[in-house]
$ cat upload.csv   # CSV, C-alpha atoms and all ligand atoms
chain,number,residue,atom,x,y,z
A,1,MET,CA,0.0,0.0,0.0
A,2,THR,CA,1.3,3.4,-0.9
A,3,GLU,CA,1.8,6.1,1.7
A,4,ALA,CA,-1.0,8.1,0.2
A,5,LEU,CA,-3.4,5.2,0.5
A,6,GLU,CA,-2.5,4.7,4.2
A,7,ARG,CA,-3.5,8.2,5.0
A,8,ALA,CA,-6.5,8.2,2.7
A,9,VAL,CA,-9.7,9.7,3.8
A,10,MET,CA,-12.7,7.5,3.0
A,11,PRO,CA,-15.1,9.6,1.0
A,12,PRO,CA,-18.9,9.7,1.6
A,13,VAL,CA,-20.7,7.0,-0.3
A,14,SER,CA,-23.8,7.5,-2.3
A,15,ASP,CA,-25.9,4.8,-3.9
A,16,ALA,CA,-27.8,7.4,-6.0
A,17,ASP,CA,-28.1,6.9,-9.8
A,18,PRO,CA,-27.3,10.2,-11.6
A,19,PHE,CA,-28.6,8.6,-14.8
A,20,ALA,CA,-32.0,7.5,-13.4
A,21,HIS,CA,-34.9,9.1,-15.3
A,22,GLU,CA,-36.2,11.1,-12.3
A,23,VAL,CA,-32.7,12.5,-11.7
A,24,LEU,CA,-32.1,13.4,-15.3
A,25,LEU,CA,-35.5,15.2,-15.4
A,26,ASP,CA,-34.8,17.1,-12.2
A,27,PRO,CA,-31.1,16.9,-11.3
A,28,GLU,CA,-30.8,19.7,-8.7
A,29,PRO,CA,-31.8,17.7,-5.6
A,30,LEU,CA,-29.0,15.2,-6.3
A,31,HIS,CA,-26.6,17.9,-7.1
A,32,ARG,CA,-27.2,19.6,-3.9
A,33,ALA,CA,-26.9,16.4,-1.9
A,34,LEU,CA,-23.6,15.5,-3.6
A,35,ARG,CA,-22.1,19.0,-3.1
A,36,GLU,CA,-23.1,18.9,0.6
A,37,ALA,CA,-21.8,15.3,1.1
A,38,GLY,CA,-18.2,16.4,0.4
A,39,PRO,CA,-15.7,17.5,-2.1
A,40,VAL,CA,-15.4,13.9,-3.4
A,41,VAL,CA,-18.2,11.3,-3.2
A,42,TYR,CA,-18.0,7.6,-4.1
A,43,LEU,CA,-20.9,6.4,-6.3
A,44,SER,CA,-21.3,2.8,-5.3
A,45,ARG,CA,-23.6,1.9,-8.1
A,46,TYR,CA,-21.0,2.7,-10.8
A,47,ASP,CA,-17.8,2.3,-8.8
A,48,VAL,CA,-16.7,5.8,-9.6
A,49,HIS,CA,-15.8,8.9,-7.7
A,50,ALA,CA,-17.7,12.0,-8.3
A,51,LEU,CA,-17.1,15.8,-8.0
A,52,ALA,CA,-20.0,18.2,-7.6
A,53,ARG,CA,-18.4,21.3,-6.1
A,54,TYR,CA,-17.1,24.0,-8.4
A,55,GLU,CA,-13.6,24.1,-6.9
A,56,GLN,CA,-12.9,20.4,-7.5
A,57,VAL,CA,-14.7,20.2,-10.9
A,58,ARG,CA,-12.7,23.1,-12.2
A,59,ALA,CA,-9.4,21.7,-10.8
A,60,ALA,CA,-10.1,18.3,-12.4
A,61,LEU,CA,-10.9,19.9,-15.7
A,62,MET,CA,-7.7,21.9,-15.7
A,63,ASP,CA,-5.6,18.9,-14.7
A,64,TRP,CA,-5.4,16.9,-17.9
A,65,GLN,CA,-2.1,15.2,-16.8
A,66,ASN,CA,-3.8,13.4,-13.8
A,67,PHE,CA,-7.3,13.2,-15.4
A,68,GLU,CA,-7.1,11.9,-18.9
A,69,SER,CA,-9.7,11.8,-21.6
A,70,GLY,CA,-8.2,9.2,-23.8
A,71,ALA,CA,-9.9,6.3,-22.0
A,72,GLY,CA,-13.3,8.0,-22.8
A,73,VAL,CA,-15.2,10.8,-21.2
A,74,GLY,CA,-18.2,8.6,-20.5
A,75,LEU,CA,-18.6,5.8,-18.0
A,76,ALA,CA,-17.2,3.2,-20.5
A,77,HIS,CA,-13.5,2.6,-20.0
A,78,PHE,CA,-12.1,2.3,-23.5
A,79,ARG,CA,-8.9,0.5,-22.3
A,80,HIS,CA,-11.1,-2.4,-21.2
A,81,GLU,CA,-14.2,-2.0,-23.4
A,82,GLU,CA,-14.4,-1.7,-27.2
A,83,PRO,CA,-15.7,1.9,-28.0
A,84,TRP,CA,-19.0,2.0,-29.8
A,85,ARG,CA,-17.4,4.1,-32.6
A,86,PRO,CA,-13.8,5.2,-33.4
A,87,LEU,CA,-12.7,7.6,-30.7
A,88,SER,CA,-13.1,11.4,-31.1
A,89,LEU,CA,-9.7,12.9,-31.9
A,90,LEU,CA,-10.6,15.9,-29.8
A,91,LEU,CA,-12.9,14.9,-27.0
A,92,GLU,CA,-11.4,11.5,-26.3
A,93,ALA,CA,-7.7,12.3,-26.8
A,94,ASP,CA,-4.9,13.7,-24.7
A,95,PRO,CA,-1.8,15.7,-25.6
A,96,PRO,CA,0.1,15.3,-27.7
A,97,ARG,CA,-2.3,13.5,-30.0
A,98,HIS,CA,-5.1,16.0,-29.1
A,99,ASP,CA,-3.1,19.0,-30.1
A,100,ALA,CA,-3.1,19.0,-33.9
A,101,PRO,CA,-6.8,18.3,-34.4
A,102,ARG,CA,-7.6,20.9,-31.7
A,103,ARG,CA,-5.4,23.5,-33.4
A,104,VAL,CA,-7.0,22.9,-36.8
A,105,LEU,CA,-10.6,23.1,-35.5
A,106,ARG,CA,-9.9,26.1,-33.3
A,107,GLU,CA,-8.8,28.1,-36.3
A,108,ILE,CA,-11.8,27.0,-38.3
A,109,VAL,CA,-14.3,28.1,-35.7
A,110,ALA,CA,-12.3,31.1,-34.3
A,111,PRO,CA,-14.3,34.4,-33.9
A,112,ARG,CA,-12.3,35.9,-36.8
A,113,ALA,CA,-13.2,33.0,-39.1
A,114,LEU,CA,-16.9,33.3,-38.1
A,115,ARG,CA,-17.2,36.9,-39.2
A,116,ARG,CA,-18.2,35.9,-42.7
A,117,LEU,CA,-21.2,34.0,-41.3
A,118,ARG,CA,-22.4,36.8,-39.0
A,119,GLU,CA,-24.7,38.6,-41.5
A,120,THR,CA,-26.1,35.4,-43.1
A,121,TRP,CA,-26.9,34.0,-39.7
A,122,HIS,CA,-28.6,37.2,-38.4
A,123,THR,CA,-30.7,37.3,-41.6
A,124,ALA,CA,-31.5,33.6,-41.2
A,125,ALA,CA,-32.7,34.3,-37.7
A,126,GLU,CA,-34.9,37.2,-38.8
A,127,GLU,CA,-36.4,35.1,-41.5
A,128,LEU,CA,-37.1,32.2,-39.1
A,129,VAL,CA,-38.6,34.5,-36.4
A,130,ASP,CA,-40.8,36.3,-39.1
A,131,GLN,CA,-42.0,32.9,-40.4
A,132,VAL,CA,-42.8,31.6,-36.9
A,133,LEU,CA,-44.6,34.8,-35.9
A,134,ALA,CA,-46.6,34.8,-39.2
A,135,GLU,CA,-48.0,31.5,-38.1
A,136,GLY,CA,-49.1,32.7,-34.7
A,137,THR,CA,-47.9,33.9,-31.3
A,138,GLU,CA,-48.2,30.6,-29.5
A,139,PHE,CA,-45.7,27.8,-30.4
A,140,ASP,CA,-43.4,25.2,-29.1
A,141,GLY,CA,-40.2,27.2,-28.7
A,142,CYS,CA,-38.2,24.0,-28.5
A,143,THR,CA,-39.0,22.7,-32.0
A,144,VAL,CA,-39.7,25.9,-34.0
A,145,LEU,CA,-36.9,28.0,-32.6
A,146,ALA,CA,-34.3,26.1,-30.5
A,147,GLU,CA,-34.1,23.2,-32.9
A,148,ALA,CA,-35.1,24.9,-36.1
A,149,PHE,CA,-32.5,27.7,-36.0
A,150,PRO,CA,-29.3,25.6,-35.6
A,151,LEU,CA,-30.6,23.2,-38.2
A,152,ARG,CA,-31.0,26.0,-40.6
A,153,VAL,CA,-27.5,27.5,-40.3
A,154,PHE,CA,-25.1,24.9,-38.8
A,155,PRO,CA,-25.3,22.0,-41.3
A,156,ASP,CA,-24.9,24.5,-44.2
A,157,ALA,CA,-21.9,26.1,-42.4
A,158,VAL,CA,-20.3,22.6,-42.0
A,159,GLY,CA,-21.2,22.0,-45.7
A,160,ILE,CA,-23.1,18.7,-45.6
A,161,GLY,CA,-25.6,17.9,-48.3
A,162,PRO,CA,-29.4,18.3,-47.9
A,163,ASP,CA,-30.3,14.6,-47.6
A,164,GLY,CA,-30.7,13.0,-44.2
A,165,ARG,CA,-30.3,16.0,-42.0
A,166,GLU,CA,-33.2,14.7,-40.0
A,167,ASN,CA,-30.6,12.3,-38.6
A,168,LEU,CA,-28.6,15.0,-36.9
A,169,LEU,CA,-30.7,15.3,-33.8
A,170,PRO,CA,-31.2,11.5,-33.3
A,171,PHE,CA,-27.4,11.0,-33.8
A,172,GLY,CA,-26.6,13.7,-31.2
A,173,ASN,CA,-29.1,12.3,-28.8
A,174,MET,CA,-27.6,8.8,-29.2
A,175,ASN,CA,-24.1,10.2,-29.0
A,176,PHE,CA,-24.8,12.0,-25.7
A,177,ASN,CA,-26.6,9.1,-24.2
A,178,ALA,CA,-23.6,6.9,-25.0
A,179,PHE,CA,-21.5,8.7,-22.4
A,180,GLY,CA,-23.7,7.3,-19.7
A,181,PRO,CA,-24.4,3.7,-18.5
A,182,ARG,CA,-26.0,1.2,-20.9
A,183,ASN,CA,-29.5,2.0,-19.5
A,184,ASP,CA,-32.9,2.0,-21.2
A,185,LEU,CA,-32.0,5.3,-23.0
A,186,VAL,CA,-29.1,3.7,-24.7
A,187,LYS,CA,-31.0,0.5,-25.4
A,188,ALA,CA,-33.8,2.4,-27.0
A,189,ASP,CA,-31.5,3.6,-29.8
A,190,ALA,CA,-29.5,0.4,-30.1
A,191,HIS,CA,-31.3,-0.6,-33.3
A,192,ARG,CA,-30.3,2.7,-35.0
A,193,VAL,CA,-26.6,2.8,-34.1
A,194,GLY,CA,-25.4,1.2,-37.4
A,195,GLU,CA,-27.6,3.3,-39.6
A,196,LEU,CA,-26.9,6.6,-37.9
A,197,LEU,CA,-23.1,6.1,-37.8
A,198,ALA,CA,-23.1,5.1,-41.4
A,199,TRP,CA,-25.0,8.3,-42.3
A,200,VAL,CA,-22.7,10.5,-40.2
A,201,ASN,CA,-19.6,8.9,-41.5
A,202,ALA,CA,-20.8,9.4,-45.1
A,203,GLN,CA,-21.2,13.1,-44.4
A,204,CYS,CA,-17.6,13.4,-43.3
A,205,ALA,CA,-16.1,12.3,-46.7
A,206,ARG,CA,-14.5,15.1,-48.7
A,207,GLU,CA,-16.8,14.5,-51.7
A,208,ALA,CA,-19.9,14.9,-49.5
A,209,LEU,CA,-18.9,18.3,-48.3
A,210,SER,CA,-19.4,21.7,-50.0
A,211,GLU,CA,-16.3,23.6,-51.0
A,212,ASP,CA,-16.4,26.4,-48.6
A,213,GLY,CA,-17.7,25.0,-45.3
A,214,PHE,CA,-16.0,24.1,-42.0
A,215,GLY,CA,-15.8,20.5,-43.3
A,216,ALA,CA,-13.9,21.5,-46.4
A,217,GLN,CA,-11.5,23.6,-44.3
A,218,VAL,CA,-10.8,20.5,-42.2
A,219,TRP,CA,-9.8,18.6,-45.4
A,220,ALA,CA,-7.8,21.6,-46.5
A,221,ALA,CA,-5.8,21.3,-43.3
A,222,ALA,CA,-5.0,17.8,-44.3
A,223,ASP,CA,-3.7,19.0,-47.6
A,224,ARG,CA,-1.4,21.4,-45.8
A,225,GLY,CA,-0.1,18.5,-43.6
A,226,ASP,CA,-1.7,19.9,-40.4
A,227,LEU,CA,-3.7,16.7,-40.1
A,228,THR,CA,-3.4,13.3,-41.7
A,229,TYR,CA,-6.0,12.3,-44.3
A,230,ASP,CA,-7.2,9.6,-41.8
A,231,GLN,CA,-7.9,12.3,-39.2
A,232,ALA,CA,-9.9,14.6,-41.4
A,233,PRO,CA,-13.2,12.8,-41.5
A,234,LEU,CA,-13.1,12.2,-37.7
A,235,VAL,CA,-12.6,15.9,-37.1
A,236,VAL,CA,-15.6,16.7,-39.3
A,237,ARG,CA,-17.5,14.1,-37.3
A,238,SER,CA,-16.7,16.0,-34.1
A,239,LEU,CA,-18.4,19.1,-35.6
A,240,LEU,CA,-21.6,17.1,-36.3
A,241,ALA,CA,-21.5,15.2,-33.0
A,242,ALA,CA,-20.8,18.2,-30.7
A,243,GLY,CA,-22.3,21.1,-32.7
A,244,VAL,CA,-26.1,20.5,-33.0
A,245,ASP,CA,-27.8,19.2,-29.8
A,246,THR,CA,-25.6,21.3,-27.6
A,247,THR,CA,-26.6,24.6,-29.3
A,248,VAL,CA,-30.2,23.5,-29.5
A,249,GLN,CA,-30.3,23.0,-25.8
A,250,GLY,CA,-28.4,26.2,-25.1
A,251,LEU,CA,-31.0,28.2,-27.1
A,252,ALA,CA,-33.8,26.3,-25.4
A,253,ALA,CA,-32.2,27.3,-22.1
A,254,CYS,CA,-32.3,31.0,-23.2
A,255,LEU,CA,-35.9,30.8,-24.2
A,256,TYR,CA,-36.9,29.1,-20.9
A,257,ALA,CA,-34.9,31.7,-19.0
A,258,PHE,CA,-36.5,34.6,-20.6
A,259,ALA,CA,-40.0,33.1,-20.5
A,260,THR,CA,-39.6,32.7,-16.7
A,261,HIS,CA,-37.8,36.0,-16.2
A,262,PRO,CA,-39.7,38.7,-18.0
A,263,ASP,CA,-37.7,41.5,-16.4
A,264,ALA,CA,-34.5,40.0,-17.8
A,265,TRP,CA,-36.1,40.0,-21.3
A,266,GLY,CA,-37.0,43.7,-20.9
A,267,ARG,CA,-33.4,44.4,-19.8
A,268,LEU,CA,-32.0,42.6,-22.8
A,269,ARG,CA,-34.2,44.5,-25.2
A,270,GLU,CA,-33.0,47.7,-23.8
A,271,ARG,CA,-29.4,46.7,-23.8
A,272,PRO,CA,-28.7,44.3,-26.7
A,273,GLU,CA,-25.0,44.2,-25.7
A,274,LEU,CA,-26.0,42.0,-22.9
A,275,THR,CA,-26.9,39.1,-25.3
A,276,ARG,CA,-23.6,37.3,-25.0
A,277,ALA,CA,-23.5,37.5,-21.2
A,278,ALA,CA,-27.2,36.3,-21.3
A,279,PHE,CA,-26.3,33.3,-23.3
A,280,ASP,CA,-23.4,32.4,-20.9
A,281,GLU,CA,-25.7,32.9,-17.9
A,282,ALA,CA,-28.2,30.6,-19.5
A,283,VAL,CA,-25.5,28.0,-20.1
A,284,ARG,CA,-24.3,28.3,-16.5
A,285,TRP,CA,-27.9,28.1,-15.1
A,286,GLN,CA,-29.1,25.1,-17.2
A,287,SER,CA,-25.7,23.5,-18.2
A,288,PRO,CA,-26.8,21.8,-21.4
A,289,VAL,CA,-23.9,19.4,-21.0
A,290,GLN,CA,-24.4,18.1,-17.5
A,291,THR,CA,-21.6,15.7,-16.9
A,292,PHE,CA,-18.4,14.3,-18.3
A,293,PHE,CA,-16.0,11.7,-16.9
A,294,ARG,CA,-12.2,11.6,-16.8
A,295,THR,CA,-9.9,8.7,-15.9
A,296,ALA,CA,-7.2,9.0,-13.2
A,297,THR,CA,-3.8,8.4,-14.8
A,298,THR,CA,-2.2,7.7,-11.4
A,299,ASP,CA,-3.5,7.5,-7.8
A,300,VAL,CA,-4.7,11.1,-7.4
A,301,THR,CA,-5.5,12.5,-4.0
A,302,ILE,CA,-8.3,15.0,-3.9
A,303,THR,CA,-8.8,16.6,-0.5
A,304,GLY,CA,-7.4,13.4,1.1
A,305,THR,CA,-9.4,11.0,-0.9
A,306,VAL,CA,-7.4,8.8,-3.3
A,307,VAL,CA,-8.9,8.2,-6.7
A,308,PRO,CA,-7.1,5.1,-7.8
A,309,ALA,CA,-5.2,5.0,-11.0
A,310,GLY,CA,-7.3,3.8,-14.0
A,311,THR,CA,-10.6,4.5,-12.4
A,312,LYS,CA,-13.3,6.9,-13.7
A,313,ILE,CA,-14.3,10.2,-12.1
A,314,LEU,CA,-17.6,11.9,-12.8
A,315,MET,CA,-17.6,15.6,-13.0
A,316,PHE,CA,-21.0,17.3,-12.5
A,317,LEU,CA,-20.7,20.5,-14.5
A,318,GLY,CA,-24.3,21.4,-13.8
A,319,ALA,CA,-23.7,21.1,-10.0
A,320,ALA,CA,-20.5,23.1,-10.1
A,321,ASN,CA,-22.3,25.8,-12.0
A,322,ARG,CA,-24.8,26.2,-9.1
A,323,ASP,CA,-22.3,25.8,-6.3
A,324,PRO,CA,-23.2,28.4,-3.6
A,325,ALA,CA,-19.6,28.5,-2.6
A,326,ARG,CA,-18.8,30.0,-6.0
A,327,TRP,CA,-22.0,31.7,-7.1
A,328,THR,CA,-24.3,34.1,-5.2
A,329,ASP,CA,-27.9,33.0,-5.4
A,330,PRO,CA,-26.8,30.3,-7.8
A,331,ASP,CA,-30.3,29.0,-8.7
A,332,ARG,CA,-31.3,32.5,-10.0
A,333,PHE,CA,-30.9,33.3,-13.7
A,334,ASP,CA,-29.4,36.8,-13.3
A,335,LEU,CA,-28.4,39.1,-16.1
A,336,THR,CA,-26.5,41.3,-13.7
A,337,ARG,CA,-24.0,38.7,-12.7
A,338,ASP,CA,-20.7,37.9,-14.4
A,339,PRO,CA,-21.1,34.3,-15.5
A,340,SER,CA,-17.6,34.0,-16.7
A,341,GLY,CA,-15.7,31.1,-15.1
A,342,HIS,CA,-18.7,28.8,-15.4
A,343,VAL,CA,-17.8,25.2,-16.5
A,344,GLY,CA,-20.8,24.7,-18.8
A,345,PHE,CA,-18.3,24.7,-21.7
A,346,GLY,CA,-15.8,22.8,-19.7
A,347,MET,CA,-12.4,24.4,-18.9
A,348,GLY,CA,-8.8,23.9,-19.8
A,349,ILE,CA,-7.5,22.3,-22.9
A,350,HIS,CA,-10.8,20.6,-23.9
A,351,GLN,CA,-13.0,23.7,-23.3
A,352,CYS,CA,-15.7,23.8,-26.0
A,353,VAL,CA,-13.9,24.7,-29.2
A,354,GLY,CA,-17.2,25.6,-30.8
A,355,GLN,CA,-18.4,28.1,-28.2
A,356,HIS,CA,-18.1,31.0,-30.5
A,357,VAL,CA,-20.3,29.3,-33.0
A,358,ALA,CA,-22.8,28.7,-30.3
A,359,ARG,CA,-22.6,32.3,-29.1
A,360,LEU,CA,-23.1,33.6,-32.6
A,361,GLU,CA,-26.2,31.4,-33.0
A,362,ALA,CA,-27.6,32.7,-29.7
A,363,GLU,CA,-26.8,36.3,-30.6
A,364,ALA,CA,-28.6,36.0,-33.9
A,365,LEU,CA,-31.7,34.3,-32.6
A,366,LEU,CA,-32.1,36.5,-29.5
A,367,ALA,CA,-31.5,39.7,-31.6
A,368,ALA,CA,-34.2,38.7,-34.1
A,369,LEU,CA,-36.6,37.9,-31.2
A,370,ALA,CA,-35.8,41.0,-29.3
A,371,ARG,CA,-36.7,43.1,-32.4
A,372,ARG,CA,-40.2,41.7,-32.7
A,373,VAL,CA,-41.1,40.4,-29.3
A,374,GLU,CA,-41.9,42.4,-26.2
A,375,ARG,CA,-42.7,39.5,-23.8
A,376,ILE,CA,-42.2,35.8,-23.7
A,377,GLU,CA,-44.2,33.6,-21.4
A,378,LEU,CA,-45.0,29.9,-20.8
A,379,THR,CA,-48.5,28.7,-21.6
A,380,GLY,CA,-48.0,25.3,-20.0
A,381,THR,CA,-45.5,23.0,-18.4
A,382,PRO,CA,-42.3,22.6,-20.4
A,383,HIS,CA,-41.2,19.0,-20.7
A,384,ARG,CA,-37.7,17.7,-20.3
A,385,HIS,CA,-36.3,15.1,-22.6
A,386,PRO,CA,-34.2,12.6,-20.6
A,387,ASN,CA,-30.6,12.1,-21.9
A,388,ASN,CA,-27.7,10.6,-20.1
A,389,THR,CA,-25.6,13.8,-20.7
A,390,LEU,CA,-27.7,16.6,-22.0
A,391,ARG,CA,-30.1,18.7,-20.0
A,392,ALA,CA,-32.7,18.7,-22.8
A,393,TRP,CA,-36.2,19.8,-23.6
A,394,SER,CA,-38.8,18.0,-25.6
A,395,SER,CA,-41.3,20.9,-25.5
A,396,LEU,CA,-41.4,24.5,-24.4
A,397,PRO,CA,-44.9,25.9,-24.9
A,398,LEU,CA,-44.6,29.6,-25.4
A,399,ARG,CA,-46.7,32.6,-26.1
A,400,VAL,CA,-45.2,35.9,-27.2
A,401,GLN,CA,-46.5,39.4,-27.2
A,402,LEU,CA,-45.4,41.3,-30.3
A,403,ALA,CA,-43.6,44.6,-29.9
A,404,ALA,CA,-45.6,47.7,-31.0
B,1,LIG,C1,-16.7,14.7,-30.4
B,1,LIG,C2,-17.7,15.2,-29.4
B,1,LIG,C3,-18.9,14.6,-29.3
B,1,LIG,C4,-19.8,15.1,-28.4
B,1,LIG,C5,-19.5,16.2,-27.6
B,1,LIG,C6,-18.3,16.8,-27.7
B,1,LIG,C7,-19.0,18.3,-26.1
B,1,LIG,C8,-17.4,16.3,-28.7
B,1,LIG,O1,-17.1,13.7,-31.1
B,1,LIG,O2,-15.7,15.3,-30.6
B,1,LIG,O3,-18.0,17.8,-26.9

$ encode --input "upload.csv" --output "structure tokens"
Amino acid sequence: MTEALERAVMPPVSDADPFAHEVLLDPEPLHRALREAGPVVYLSRYDVHALARYEQVRAALMDWQNFESGAGVGLAHFRHEEPWRPLSLLLEADPPRHDAPRRVLREIVAPRALRRLRETWHTAAEELVDQVLAEGTEFDGCTVLAEAFPLRVFPDAVGIGPDGRENLLPFGNMNFNAFGPRNDLVKADAHRVGELLAWVNAQCAREALSEDGFGAQVWAAADRGDLTYDQAPLVVRSLLAAGVDTTVQGLAACLYAFATHPDAWGRLRERPELTRAAFDEAVRWQSPVQTFFRTATTDVTITGTVVPAGTKILMFLGAANRDPARWTDPDRFDLTRDPSGHVGFGMGIHQCVGQHVARLEAEALLAALARRVERIELTGTPHRHPNNTLRAWSSLPLRVQLAA
């Protein structure tokens, strides 16, 4: 036994299942219990350690040397289990292998590179909002705005063809479920894995992509020697896997926030420069990506508890984003706070590479709504869509009052 293990502090044990339906639909009670139990909690059901406090989640995200991603960032341990698809070169990789794909994608979706999309996306958002409002002032904000807008702009920006785009959301849903245990949510999609993977892989081929999209730019990076030709399709796959459902749920979080906080909507309409902070506050408040795992590369001691080498550690991003030790009045959606430092996009070397794309989408959609809509309200109970990783909605029944 190592010296560290002899002095080890036994962590509190919880037999809670973070992936049970009722928890996925309403995670805050478990988050609170885990934060209060201690800085590290052992989850007996899955034989993993878990972090729910901001300080420890942030520290683990920053510490890629001790907490690796290459064994998978879901519950499945890819050194013992066959991955369900070839590993992501970004999400499921560590330096140095991670660095080239990351650098390539970072340049492609950098704020400077997105400037050419700005006007198109703002126009697309205005057209969508005009269309929706022409149909009526009561609608499901989840489908007609939060899903519809990313689907209008993002696949075109990547450069995939028109056929089969209806597969994007089911693929994302499956992909994000796959980070959790093999529960009923994973089993429900098992019959579609082959079909959806085949479709997505086909979209990543150079011939399937338009000449000027993000996808083509990934292939151009291979021409320059910044990536190998084997890597290019997998980097395109990351765009399609990580870039749709996440932004959909981020936009849904904004709509839900403004429908339930009419004063905040009024404030945003008066001060459009708040839009970006509003999006980040919505991401903090709802945390569309709720959890990711890491794997300890060595026996790592966290506040006295030893996380044994080779074991998984579950980071509750959503719980960290509402930790009262870090945030004042954390459960409040508050446009006056500075949400920077939230871990909704992760932190450190894996921090969401597409966050500027997401912010641009949010900015475009919220600006278009702010121009035409004075008030947003719920007309019924919004429904959550259970997913092992995403905090997702299935419906968001809204009524809007048009601006004079
Ligand atoms: C990827 C990937 C997939 C899902 C999420 C994600 C949040 C990345 O395949 O690279 O980041």

$ residues_near_ligand --input "upload.csv" --ligand "ligand LIG 1 (chain B)" --cutoff "9 Å" --atoms "all atoms listed in the file" --output "NGL selection string"
:A and (87-92 or 172 or 175-176 or 179 or 234-243 or 246 or 289 or 292 or 345-346 or 350-354)

$ residues_around --input "upload.csv" --residues "A:Ser395" --least-positions-apart "5" --cutoff "7 Å" --atoms "only C-alpha atoms" --output "number ranges by chain"
A: 140, 142, 382-383

$ residues_around --input "upload.csv" --residues "stretch 251-263 of chain A" --least-positions-apart "4" --cutoff "6 Å" --atoms "only C-alpha atoms" --output "list in words"
Cys142, Ala146, Ala282, Ile376, Glu377 and Leu378 of chain A

$ atom_distance --input "upload.csv" --atom1 "atom CA of A:Asp212" --atom2 "atom CA of A:Phe149"
20.5 Å

$ atom_distance --input "upload.csv" --atom1 "atom CA of A:Leu145" --atom2 "atom CA of A:Gly250"
11.5 Å

$ closest_residue --input "upload.csv" --among "A:Thr295, A:Thr381, A:Gln355, A:Asn387" --to "A:Ala71" --atoms "only C-alpha atoms"
A:Thr295

$ closest_residue --input "upload.csv" --among "A:Met174, A:Ala392, A:Ala364, A:Ala277" --to "A:Gln290" --atoms "all atoms listed in the file"
A:Ala392

$ atom_distance --input "upload.csv" --atom1 "atom CA of A:Ala278" --atom2 "atom CA of A:Glu363"
9.3 Å

$ closest_residue --input "upload.csv" --among "A:Ala33, A:Ile349, A:Val357, A:Leu51" --to "A:Glu68" --atoms "only C-alpha atoms"
A:Ile349

$ closest_residue --input "upload.csv" --among "A:Ala100, A:Asn183, A:Asp323, A:Val248" --to "A:Gly225" --atoms "only C-alpha atoms"
A:Ala100

$ residues_around --input "upload.csv" --residues "A:Leu227" --least-positions-apart "3" --cutoff "12 Å" --atoms "only C-alpha atoms" --output "ChimeraX atom specification"
/A:89,97-105,217-224,230-236

$ write_last_selection --input "upload.csv" --atoms "C-alpha atoms" --output "CSV table (one decimal), in the coordinates of the input"
chain,number,residue,atom,x,y,z
A,89,LEU,CA,-9.7,12.9,-31.9
A,97,ARG,CA,-2.3,13.5,-30.0
A,98,HIS,CA,-5.1,16.0,-29.1
A,99,ASP,CA,-3.1,19.0,-30.1
A,100,ALA,CA,-3.1,19.0,-33.9
A,101,PRO,CA,-6.8,18.3,-34.4
A,102,ARG,CA,-7.6,20.9,-31.7
A,103,ARG,CA,-5.4,23.5,-33.4
A,104,VAL,CA,-7.0,22.9,-36.8
A,105,LEU,CA,-10.6,23.1,-35.5
A,217,GLN,CA,-11.5,23.6,-44.3
A,218,VAL,CA,-10.8,20.5,-42.2
A,219,TRP,CA,-9.8,18.6,-45.4
A,220,ALA,CA,-7.8,21.6,-46.5
A,221,ALA,CA,-5.8,21.3,-43.3
A,222,ALA,CA,-5.0,17.8,-44.3
A,223,ASP,CA,-3.7,19.0,-47.6
A,224,ARG,CA,-1.4,21.4,-45.8
A,230,ASP,CA,-7.2,9.6,-41.8
A,231,GLN,CA,-7.9,12.3,-39.2
A,232,ALA,CA,-9.9,14.6,-41.4
A,233,PRO,CA,-13.2,12.8,-41.5
A,234,LEU,CA,-13.1,12.2,-37.7
A,235,VAL,CA,-12.6,15.9,-37.1
A,236,VAL,CA,-15.6,16.7,-39.3

$ residues_around --input "upload.csv" --residues "A:Ala157" --least-positions-apart "6" --cutoff "9 Å" --atoms "only C-alpha atoms" --output "count of residues only"
5

$ residues_around --input "upload.csv" --residues "A:Glu55" --least-positions-apart "3" --cutoff "9 Å" --atoms "all atoms listed in the file" --output "number ranges by chain"
A: 39, 52, 58-60, 320, 323, 325-326

$ write_last_selection --input "upload.csv" --atoms "C-alpha atoms" --output "JSON list (two decimals), in the coordinates of the input"
[["chain", "number", "residue", "atom", "x", "y", "z"],
["A", 39, "PRO", "CA", -15.70, 17.50, -2.10],
["A", 52, "ALA", "CA", -20.00, 18.20, -7.60],
["A", 58, "ARG", "CA", -12.70, 23.10, -12.20],
["A", 59, "ALA", "CA", -9.40, 21.70, -10.80],
["A", 60, "ALA", "CA", -10.10, 18.30, -12.40],
["A", 320, "ALA", "CA", -20.50, 23.10, -10.10],
["A", 323, "ASP", "CA", -22.30, 25.80, -6.30],
["A", 325, "ALA", "CA", -19.60, 28.50, -2.60],
["A", 326, "ARG", "CA", -18.80, 30.00, -6.00]]

$ residues_near_point --input "upload.csv" --point "(-36.3, 33.7, -40.3)" --cutoff "12 Å" --atoms "only C-alpha atoms" --output "number ranges by chain"
A: 120-134, 144-145, 148-150, 152-153, 364-369, 372

$ closest_residue --input "upload.csv" --among "A:Asp15, A:Glu22, A:Glu166, A:Asp189" --to "A:Glu147" --atoms "all atoms listed in the file"
A:Glu166

$ closest_residue --input "upload.csv" --among "A:Pro111, A:Pro288, A:Pro18, A:Gly70" --to "A:Asp94" --atoms "only C-alpha atoms"
A:Gly70
